[in-house]
>>> print(open('my_file04.cif').read())   # mmCIF, N, CA and C atoms
data_final
loop_
_atom_site.group_PDB
_atom_site.id
_atom_site.type_symbol
_atom_site.label_atom_id
_atom_site.label_comp_id
_atom_site.auth_asym_id
_atom_site.auth_seq_id
_atom_site.Cartn_x
_atom_site.Cartn_y
_atom_site.Cartn_z
ATOM 1 N N MET A 18 33.102 50.963 -21.421
ATOM 2 C CA MET A 18 33.236 49.689 -20.770
ATOM 3 C C MET A 18 34.620 49.660 -20.114
ATOM 4 N N THR A 19 34.657 49.241 -18.880
ATOM 5 C CA THR A 19 35.916 49.179 -18.139
ATOM 6 C C THR A 19 36.088 47.808 -17.502
ATOM 7 N N ILE A 20 37.295 47.582 -17.006
ATOM 8 C CA ILE A 20 37.590 46.347 -16.282
ATOM 9 C C ILE A 20 38.505 46.707 -15.109
ATOM 10 N N ALA A 21 38.329 46.030 -13.998
ATOM 11 C CA ALA A 21 39.135 46.297 -12.802
ATOM 12 C C ALA A 21 40.525 45.676 -12.960
ATOM 13 N N VAL A 22 41.543 46.482 -12.682
ATOM 14 C CA VAL A 22 42.938 46.032 -12.781
ATOM 15 C C VAL A 22 43.637 46.394 -11.478
ATOM 16 N N ARG A 23 44.396 45.454 -10.924
ATOM 17 C CA ARG A 23 45.143 45.696 -9.685
ATOM 18 C C ARG A 23 46.536 46.211 -10.048
ATOM 19 N N PHE A 24 46.938 47.304 -9.379
ATOM 20 C CA PHE A 24 48.238 47.933 -9.633
ATOM 21 C C PHE A 24 49.230 47.536 -8.544
ATOM 22 N N PRO A 25 50.536 47.727 -8.800
ATOM 23 C CA PRO A 25 51.561 47.288 -7.834
ATOM 24 C C PRO A 25 51.415 47.904 -6.444
ATOM 25 N N ASP A 26 50.816 49.095 -6.326
ATOM 26 C CA ASP A 26 50.648 49.713 -5.007
ATOM 27 C C ASP A 26 49.452 49.149 -4.246
ATOM 28 N N GLY A 27 48.755 48.161 -4.844
ATOM 29 C CA GLY A 27 47.621 47.525 -4.190
ATOM 30 C C GLY A 27 46.274 48.115 -4.567
ATOM 31 N N SER A 28 46.284 49.254 -5.253
ATOM 32 C CA SER A 28 45.017 49.875 -5.646
ATOM 33 C C SER A 28 44.401 49.129 -6.824
ATOM 34 N N VAL A 29 43.094 49.254 -6.946
ATOM 35 C CA VAL A 29 42.365 48.666 -8.061
ATOM 36 C C VAL A 29 41.740 49.826 -8.831
ATOM 37 N N ARG A 30 42.011 49.894 -10.130
ATOM 38 C CA ARG A 30 41.478 50.974 -10.965
ATOM 39 C C ARG A 30 40.697 50.378 -12.121
ATOM 40 N N ASN A 31 39.693 51.126 -12.539
ATOM 41 C CA ASN A 31 38.925 50.731 -13.719
ATOM 42 C C ASN A 31 39.628 51.259 -14.957
ATOM 43 N N ILE A 32 39.987 50.355 -15.848
ATOM 44 C CA ILE A 32 40.742 50.655 -17.062
ATOM 45 C C ILE A 32 39.816 50.443 -18.264
ATOM 46 N N PRO A 33 39.923 51.285 -19.311
ATOM 47 C CA PRO A 33 39.116 51.043 -20.511
ATOM 48 C C PRO A 33 39.357 49.629 -21.044
ATOM 49 N N ALA A 34 38.269 48.977 -21.484
ATOM 50 C CA ALA A 34 38.364 47.578 -21.923
ATOM 51 C C ALA A 34 37.704 47.415 -23.288
ATOM 52 N N GLN A 35 37.936 46.270 -23.871
ATOM 53 C CA GLN A 35 37.319 45.887 -25.139
ATOM 54 C C GLN A 35 36.827 44.455 -25.024
ATOM 55 N N LEU A 36 35.941 44.089 -25.941
ATOM 56 C CA LEU A 36 35.486 42.700 -25.978
ATOM 57 C C LEU A 36 36.375 41.919 -26.927
ATOM 58 N N LYS A 37 36.837 40.783 -26.480
ATOM 59 C CA LYS A 37 37.695 39.925 -27.303
ATOM 60 C C LYS A 37 36.970 38.598 -27.514
ATOM 61 N N GLU A 38 36.976 38.140 -28.750
ATOM 62 C CA GLU A 38 36.296 36.887 -29.080
ATOM 63 C C GLU A 38 37.074 35.693 -28.534
ATOM 64 N N ILE A 39 36.348 34.753 -27.971
ATOM 65 C CA ILE A 39 36.946 33.503 -27.485
ATOM 66 C C ILE A 39 36.441 32.397 -28.412
ATOM 67 N N PRO A 40 37.292 31.897 -29.303
ATOM 68 C CA PRO A 40 36.829 30.833 -30.202
ATOM 69 C C PRO A 40 36.607 29.525 -29.433
ATOM 70 N N ASN A 41 35.685 28.741 -29.924
ATOM 71 C CA ASN A 41 35.386 27.453 -29.308
ATOM 72 C C ASN A 41 35.848 26.359 -30.274
ATOM 73 N N PRO A 42 37.058 25.796 -30.069
ATOM 74 C CA PRO A 42 37.574 24.800 -31.011
ATOM 75 C C PRO A 42 36.770 23.495 -30.990
ATOM 76 N N ALA A 43 36.066 23.203 -29.898
ATOM 77 C CA ALA A 43 35.298 21.954 -29.810
ATOM 78 C C ALA A 43 34.105 21.965 -30.769
ATOM 79 N N SER A 44 33.466 23.136 -30.914
ATOM 80 C CA SER A 44 32.340 23.221 -31.859
ATOM 81 C C SER A 44 32.463 24.525 -32.647
ATOM 82 N N PRO A 45 33.124 24.468 -33.796
ATOM 83 C CA PRO A 45 33.377 25.679 -34.575
ATOM 84 C C PRO A 45 32.104 26.325 -35.125
ATOM 85 N N ASP A 46 30.989 25.580 -35.199
ATOM 86 C CA ASP A 46 29.752 26.154 -35.723
ATOM 87 C C ASP A 46 28.972 26.916 -34.654
ATOM 88 N N ALA A 47 29.314 26.741 -33.393
ATOM 89 C CA ALA A 47 28.609 27.426 -32.311
ATOM 90 C C ALA A 47 29.007 28.900 -32.291
ATOM 91 N N GLN A 48 28.143 29.712 -31.705
ATOM 92 C CA GLN A 48 28.477 31.130 -31.589
ATOM 93 C C GLN A 48 29.638 31.308 -30.621
ATOM 94 N N PRO A 49 30.570 32.196 -30.958
ATOM 95 C CA PRO A 49 31.733 32.380 -30.081
ATOM 96 C C PRO A 49 31.341 33.137 -28.816
ATOM 97 N N GLY A 50 32.154 32.965 -27.794
ATOM 98 C CA GLY A 50 31.971 33.722 -26.570
ATOM 99 C C GLY A 50 32.862 34.958 -26.606
ATOM 100 N N PHE A 51 32.608 35.867 -25.687
ATOM 101 C CA PHE A 51 33.406 37.085 -25.609
ATOM 102 C C PHE A 51 33.821 37.320 -24.170
ATOM 103 N N GLU A 52 34.959 38.000 -23.999
ATOM 104 C CA GLU A 52 35.421 38.377 -22.673
ATOM 105 C C GLU A 52 35.918 39.815 -22.712
ATOM 106 N N ARG A 53 35.882 40.470 -21.567
ATOM 107 C CA ARG A 53 36.419 41.828 -21.471
ATOM 108 C C ARG A 53 37.909 41.750 -21.171
ATOM 109 N N VAL A 54 38.692 42.508 -21.933
ATOM 110 C CA VAL A 54 40.133 42.589 -21.696
ATOM 111 C C VAL A 54 40.532 44.065 -21.709
ATOM 112 N N PRO A 55 41.530 44.452 -20.916
ATOM 113 C CA PRO A 55 41.949 45.857 -20.911
ATOM 114 C C PRO A 55 42.566 46.253 -22.247
ATOM 115 N N LEU A 56 42.311 47.487 -22.648
ATOM 116 C CA LEU A 56 42.998 48.017 -23.827
ATOM 117 C C LEU A 56 44.465 48.182 -23.469
ATOM 118 N N ASN A 57 45.320 47.606 -24.247
ATOM 119 C CA ASN A 57 46.749 47.633 -23.940
ATOM 120 C C ASN A 57 47.397 48.820 -24.650
ATOM 121 N N CYS A 58 46.940 50.031 -24.298
ATOM 122 C CA CYS A 58 47.440 51.222 -24.990
ATOM 123 C C CYS A 58 48.062 52.237 -24.028
ATOM 124 N N ASP A 59 48.285 51.857 -22.789
ATOM 125 C CA ASP A 59 48.886 52.764 -21.815
ATOM 126 C C ASP A 59 50.399 52.772 -22.001
ATOM 127 N N PRO A 60 51.033 53.950 -22.125
ATOM 128 C CA PRO A 60 52.483 53.975 -22.340
ATOM 129 C C PRO A 60 53.293 53.574 -21.115
ATOM 130 N N VAL A 61 52.687 53.590 -19.923
ATOM 131 C CA VAL A 61 53.411 53.297 -18.689
ATOM 132 C C VAL A 61 53.173 51.862 -18.215
ATOM 133 N N TRP A 62 51.937 51.373 -18.384
ATOM 134 C CA TRP A 62 51.559 50.069 -17.851
ATOM 135 C C TRP A 62 51.180 49.092 -18.943
ATOM 136 N N ARG A 63 51.483 47.825 -18.723
ATOM 137 C CA ARG A 63 50.909 46.764 -19.546
ATOM 138 C C ARG A 63 50.115 45.863 -18.626
ATOM 139 N N PHE A 64 49.148 45.172 -19.178
ATOM 140 C CA PHE A 64 48.206 44.431 -18.364
ATOM 141 C C PHE A 64 48.335 42.944 -18.633
ATOM 142 N N GLN A 65 48.422 42.165 -17.536
ATOM 143 C CA GLN A 65 48.599 40.722 -17.641
ATOM 144 C C GLN A 65 47.538 40.028 -16.810
ATOM 145 N N ARG A 66 47.054 38.909 -17.329
ATOM 146 C CA ARG A 66 46.055 38.132 -16.603
ATOM 147 C C ARG A 66 46.748 37.078 -15.756
ATOM 148 N N VAL A 67 46.278 36.937 -14.539
ATOM 149 C CA VAL A 67 46.703 35.856 -13.647
ATOM 150 C C VAL A 67 45.415 35.231 -13.135
ATOM 151 N N GLY A 68 45.084 34.056 -13.649
ATOM 152 C CA GLY A 68 43.801 33.428 -13.321
ATOM 153 C C GLY A 68 42.667 34.236 -13.930
ATOM 154 N N ASP A 69 41.743 34.683 -13.093
ATOM 155 C CA ASP A 69 40.632 35.511 -13.557
ATOM 156 C C ASP A 69 40.882 36.998 -13.334
ATOM 157 N N ASP A 70 42.012 37.363 -12.717
ATOM 158 C CA ASP A 70 42.292 38.756 -12.370
ATOM 159 C C ASP A 70 43.300 39.369 -13.335
ATOM 160 N N TRP A 71 43.241 40.691 -13.459
ATOM 161 C CA TRP A 71 44.172 41.438 -14.288
ATOM 162 C C TRP A 71 45.085 42.269 -13.402
ATOM 163 N N TYR A 72 46.378 42.299 -13.764
ATOM 164 C CA TYR A 72 47.379 43.039 -13.014
ATOM 165 C C TYR A 72 48.139 43.964 -13.952
ATOM 166 N N ALA A 73 48.475 45.148 -13.428
ATOM 167 C CA ALA A 73 49.275 46.108 -14.184
ATOM 168 C C ALA A 73 50.738 45.911 -13.824
ATOM 169 N N THR A 74 51.596 45.880 -14.814
ATOM 170 C CA THR A 74 53.037 45.808 -14.584
ATOM 171 C C THR A 74 53.694 46.933 -15.387
ATOM 172 N N PRO A 75 54.740 47.537 -14.835
ATOM 173 C CA PRO A 75 55.389 48.635 -15.571
ATOM 174 C C PRO A 75 55.977 48.141 -16.891
ATOM 175 N N ARG A 76 55.853 48.971 -17.893
ATOM 176 C CA ARG A 76 56.495 48.650 -19.175
ATOM 177 C C ARG A 76 57.991 48.862 -19.034
ATOM 178 N N SER A 77 58.757 48.064 -19.747
ATOM 179 C CA SER A 77 60.207 48.263 -19.774
ATOM 180 C C SER A 77 60.612 48.500 -21.220
ATOM 181 N N GLY A 78 61.707 49.173 -21.395
ATOM 182 C CA GLY A 78 62.152 49.490 -22.749
ATOM 183 C C GLY A 78 61.595 50.836 -23.183
ATOM 184 N N SER A 79 61.707 51.120 -24.455
ATOM 185 C CA SER A 79 61.207 52.388 -24.970
ATOM 186 C C SER A 79 60.449 52.141 -26.261
ATOM 187 N N LEU A 80 59.579 53.058 -26.572
ATOM 188 C CA LEU A 80 58.813 52.974 -27.808
ATOM 189 C C LEU A 80 59.523 53.788 -28.877
ATOM 190 N N SER A 81 59.464 53.336 -30.093
ATOM 191 C CA SER A 81 60.068 54.097 -31.181
ATOM 192 C C SER A 81 58.982 54.482 -32.170
ATOM 193 N N LEU A 82 59.167 55.621 -32.792
ATOM 194 C CA LEU A 82 58.218 56.075 -33.799
ATOM 195 C C LEU A 82 58.447 55.303 -35.085
ATOM 196 N N LEU A 83 57.384 54.915 -35.707
ATOM 197 C CA LEU A 83 57.494 54.225 -36.984
ATOM 198 C C LEU A 83 57.508 55.262 -38.100
ATOM 199 N N LYS A 84 58.447 55.142 -38.995
ATOM 200 C CA LYS A 84 58.531 56.070 -40.117
ATOM 201 C C LYS A 84 57.777 55.470 -41.298
ATOM 202 N N PRO A 85 57.001 56.295 -42.003
ATOM 203 C CA PRO A 85 56.266 55.754 -43.146
ATOM 204 C C PRO A 85 57.215 55.310 -44.257
ATOM 205 N N ILE A 86 56.911 54.188 -44.849
ATOM 206 C CA ILE A 86 57.732 53.662 -45.929
ATOM 207 C C ILE A 86 57.402 54.371 -47.232
ATOM 208 N N LEU A 87 56.108 54.601 -47.449
ATOM 209 C CA LEU A 87 55.659 55.251 -48.674
ATOM 210 C C LEU A 87 55.424 56.732 -48.426
ATOM 211 N N PRO A 88 55.588 57.567 -49.453
ATOM 212 C CA PRO A 88 55.270 58.981 -49.268
ATOM 213 C C PRO A 88 53.764 59.152 -49.079
ATOM 214 N N GLU A 89 53.380 60.304 -48.573
ATOM 215 C CA GLU A 89 51.963 60.571 -48.359
ATOM 216 C C GLU A 89 51.216 60.424 -49.676
ATOM 217 N N TRP A 90 49.981 59.920 -49.597
ATOM 218 C CA TRP A 90 49.229 59.603 -50.802
ATOM 219 C C TRP A 90 48.968 60.839 -51.653
ATOM 220 N N TRP A 91 48.835 62.012 -51.053
ATOM 221 C CA TRP A 91 48.495 63.190 -51.842
ATOM 222 C C TRP A 91 49.682 63.728 -52.637
ATOM 223 N N ARG A 92 50.882 63.255 -52.345
ATOM 224 C CA ARG A 92 52.045 63.702 -53.120
ATOM 225 C C ARG A 92 51.958 63.229 -54.578
ATOM 226 N N THR A 93 51.206 62.167 -54.821
ATOM 227 C CA THR A 93 51.070 61.666 -56.190
ATOM 228 C C THR A 93 50.080 62.472 -57.009
ATOM 229 N N ILE A 94 49.288 63.347 -56.364
ATOM 230 C CA ILE A 94 48.327 64.188 -57.071
ATOM 231 C C ILE A 94 48.974 65.551 -57.263
ATOM 232 N N ARG A 95 49.216 65.917 -58.498
ATOM 233 C CA ARG A 95 50.006 67.099 -58.814
ATOM 234 C C ARG A 95 49.458 68.373 -58.165
ATOM 235 N N HIS A 96 48.168 68.549 -58.165
ATOM 236 C CA HIS A 96 47.572 69.782 -57.655
ATOM 237 C C HIS A 96 47.563 69.860 -56.136
ATOM 238 N N MET A 97 47.786 68.751 -55.461
ATOM 239 C CA MET A 97 47.757 68.758 -54.001
ATOM 240 C C MET A 97 49.146 68.823 -53.379
ATOM 241 N N ASN A 98 50.170 68.696 -54.173
ATOM 242 C CA ASN A 98 51.532 68.725 -53.654
ATOM 243 C C ASN A 98 51.947 70.176 -53.451
ATOM 244 N N MET A 99 52.037 70.624 -52.206
ATOM 245 C CA MET A 99 52.348 72.022 -51.904
ATOM 246 C C MET A 99 53.761 72.397 -52.342
ATOM 247 N N ASP A 100 54.658 71.438 -52.417
ATOM 248 C CA ASP A 100 56.028 71.738 -52.839
ATOM 249 C C ASP A 100 56.068 72.216 -54.282
ATOM 250 N N ASP A 101 55.168 71.709 -55.111
ATOM 251 C CA ASP A 101 55.119 72.095 -56.521
ATOM 252 C C ASP A 101 54.155 73.245 -56.777
ATOM 253 N N ALA A 102 53.342 73.620 -55.798
ATOM 254 C CA ALA A 102 52.285 74.607 -56.012
ATOM 255 C C ALA A 102 52.845 75.998 -56.288
ATOM 256 N N ALA A 103 53.880 76.442 -55.594
ATOM 257 C CA ALA A 103 54.411 77.798 -55.770
ATOM 258 C C ALA A 103 54.980 78.013 -57.168
ATOM 259 N N PRO A 104 55.851 77.144 -57.700
ATOM 260 C CA PRO A 104 56.349 77.362 -59.060
ATOM 261 C C PRO A 104 55.227 77.326 -60.104
ATOM 262 N N ARG A 105 54.240 76.457 -59.902
ATOM 263 C CA ARG A 105 53.145 76.352 -60.861
ATOM 264 C C ARG A 105 52.314 77.635 -60.849
ATOM 265 N N ALA A 106 52.059 78.208 -59.665
ATOM 266 C CA ALA A 106 51.285 79.445 -59.556
ATOM 267 C C ALA A 106 52.052 80.601 -60.190
ATOM 268 N N ARG A 107 53.363 80.617 -59.995
ATOM 269 C CA ARG A 107 54.192 81.667 -60.590
ATOM 270 C C ARG A 107 54.125 81.595 -62.112
ATOM 271 N N LYS A 108 54.229 80.385 -62.688
ATOM 272 C CA LYS A 108 54.140 80.218 -64.149
ATOM 273 C C LYS A 108 52.790 80.683 -64.667
ATOM 274 N N GLN A 109 51.743 80.351 -63.921
ATOM 275 C CA GLN A 109 50.396 80.707 -64.355
ATOM 276 C C GLN A 109 50.235 82.224 -64.364
ATOM 277 N N ARG A 110 50.745 82.926 -63.345
ATOM 278 C CA ARG A 110 50.645 84.388 -63.312
ATOM 279 C C ARG A 110 51.427 85.007 -64.464
ATOM 280 N N GLN A 111 52.608 84.455 -64.764
ATOM 281 C CA GLN A 111 53.419 85.002 -65.835
ATOM 282 C C GLN A 111 52.761 84.777 -67.192
ATOM 283 N N SER A 112 52.117 83.623 -67.378
ATOM 284 C CA SER A 112 51.466 83.357 -68.661
ATOM 285 C C SER A 112 50.243 84.246 -68.861
ATOM 286 N N GLN A 113 49.669 84.752 -67.780
ATOM 287 C CA GLN A 113 48.524 85.651 -67.883
ATOM 288 C C GLN A 113 48.965 87.100 -67.958
ATOM 289 N N GLY A 114 50.284 87.350 -67.935
ATOM 290 C CA GLY A 114 50.808 88.696 -68.083
ATOM 291 C C GLY A 114 50.784 89.497 -66.800
ATOM 292 N N ARG A 115 50.593 88.854 -65.667
ATOM 293 C CA ARG A 115 50.542 89.591 -64.399
ATOM 294 C C ARG A 115 51.905 89.693 -63.741
ATOM 295 N N GLY A 116 52.849 88.877 -64.103
ATOM 296 C CA GLY A 116 54.197 88.952 -63.535
ATOM 297 C C GLY A 116 54.234 88.409 -62.113
ATOM 298 N N PRO A 117 55.403 88.506 -61.492
ATOM 299 C CA PRO A 117 55.560 87.964 -60.140
ATOM 300 C C PRO A 117 54.844 88.828 -59.105
ATOM 301 N N ILE A 118 54.567 88.244 -57.940
ATOM 302 C CA ILE A 118 53.924 88.973 -56.848
ATOM 303 C C ILE A 118 54.968 89.834 -56.174
ATOM 304 N N ASP A 119 54.612 91.088 -55.887
ATOM 305 C CA ASP A 119 55.528 92.011 -55.211
ATOM 306 C C ASP A 119 55.378 91.800 -53.716
ATOM 307 N N THR A 120 56.401 91.261 -53.057
ATOM 308 C CA THR A 120 56.340 90.984 -51.619
ATOM 309 C C THR A 120 57.016 92.076 -50.813
ATOM 310 N N ALA A 121 57.516 93.140 -51.444
ATOM 311 C CA ALA A 121 58.227 94.198 -50.741
ATOM 312 C C ALA A 121 57.258 95.136 -50.029
ATOM 313 N N ALA A 122 56.006 95.145 -50.387
ATOM 314 C CA ALA A 122 55.044 96.103 -49.819
ATOM 315 C C ALA A 122 54.689 95.758 -48.460
#
>>> encode(input="my_file04.cif", output="structure tokens")
Amino acid sequence: MTIAVRFPDGSVRNIPAQLKEIPNPASPDAQPGFERVPLNCDPVWRFQRVGDDWYATPRSGSLSLLKPILPEWWRTIRHMNMDDAAPRARKQRQSQGRGPIDTAA
């Protein structure tokens, strides 16, 4: 699904769109209406409505990467944490009497 958007150079391009619910405050029990709106995921352009038409305007500023607050979920599972896997494998080989792996070959 796309929607026509006018760009600053005068061209009109079809941009990917989504359906957005339009609530009806006058009758909350009625079924809501929907409208097509452009997906606002373009790193260069943002889309603004003027009346019934959509226009592209250049984005200003810069985007920053969000850093995760919590560690990855698999770090809490002992067997999935690769950082701990090598020492654990070494201990297991030694307890079975096989000794360390020879990496010189």
>>> axis_aligned_box(input="my_file04.cif", around="segment 25-38 of chain A", padding_each_side="4 Å", output="AutoDock Vina command-line options")
--center_x 43.5 --center_y 43.5 --center_z -16.6 --size_x 24.1 --size_y 23.6 --size_z 32.9
>>> closest_residue(input="my_file04.cif", among="A:Ile32, A:Ser77, A:Pro49, A:Pro42", to="Trp62 of chain A", atoms="only N, CA and C atoms")
A:Ser77
>>> atom_distance(input="my_file04.cif", atom1="atom CA of Gly68 of chain A", atom2="atom N of Ala43 of chain A")
21.0 Å
>>> resolve_selection(input="my_file04.cif", expression="the PyMOL selection byres (((chain A and resi 70 and name CA) around 12) and name CA)", output="PyMOL selection string")
chain A and resi 20-24+29+53-55+64-69+71-73
>>> closest_residue(input="my_file04.cif", among="A:Val61, A:Ile86, A:Leu56, A:Ile94", to="Pro33 of chain A", atoms="only C-alpha atoms")
A:Leu56
>>> resolve_selection(input="my_file04.cif", expression="the PyMOL selection byres ((chain A and resi 50) around 8)", output="list in words")
Leu36, Lys37, Glu38, Ile39, Pro40, Asn41, Ala47, Gln48, Pro49, Phe51 and Glu52 of chain A
>>> atom_distance(input="my_file04.cif", atom1="atom N of Asn57 of chain A", atom2="atom C of Leu83 of chain A")
20.0 Å
>>> atom_distance(input="my_file04.cif", atom1="atom CA of Cys58 of chain A", atom2="atom CA of Thr74 of chain A")
13.0 Å
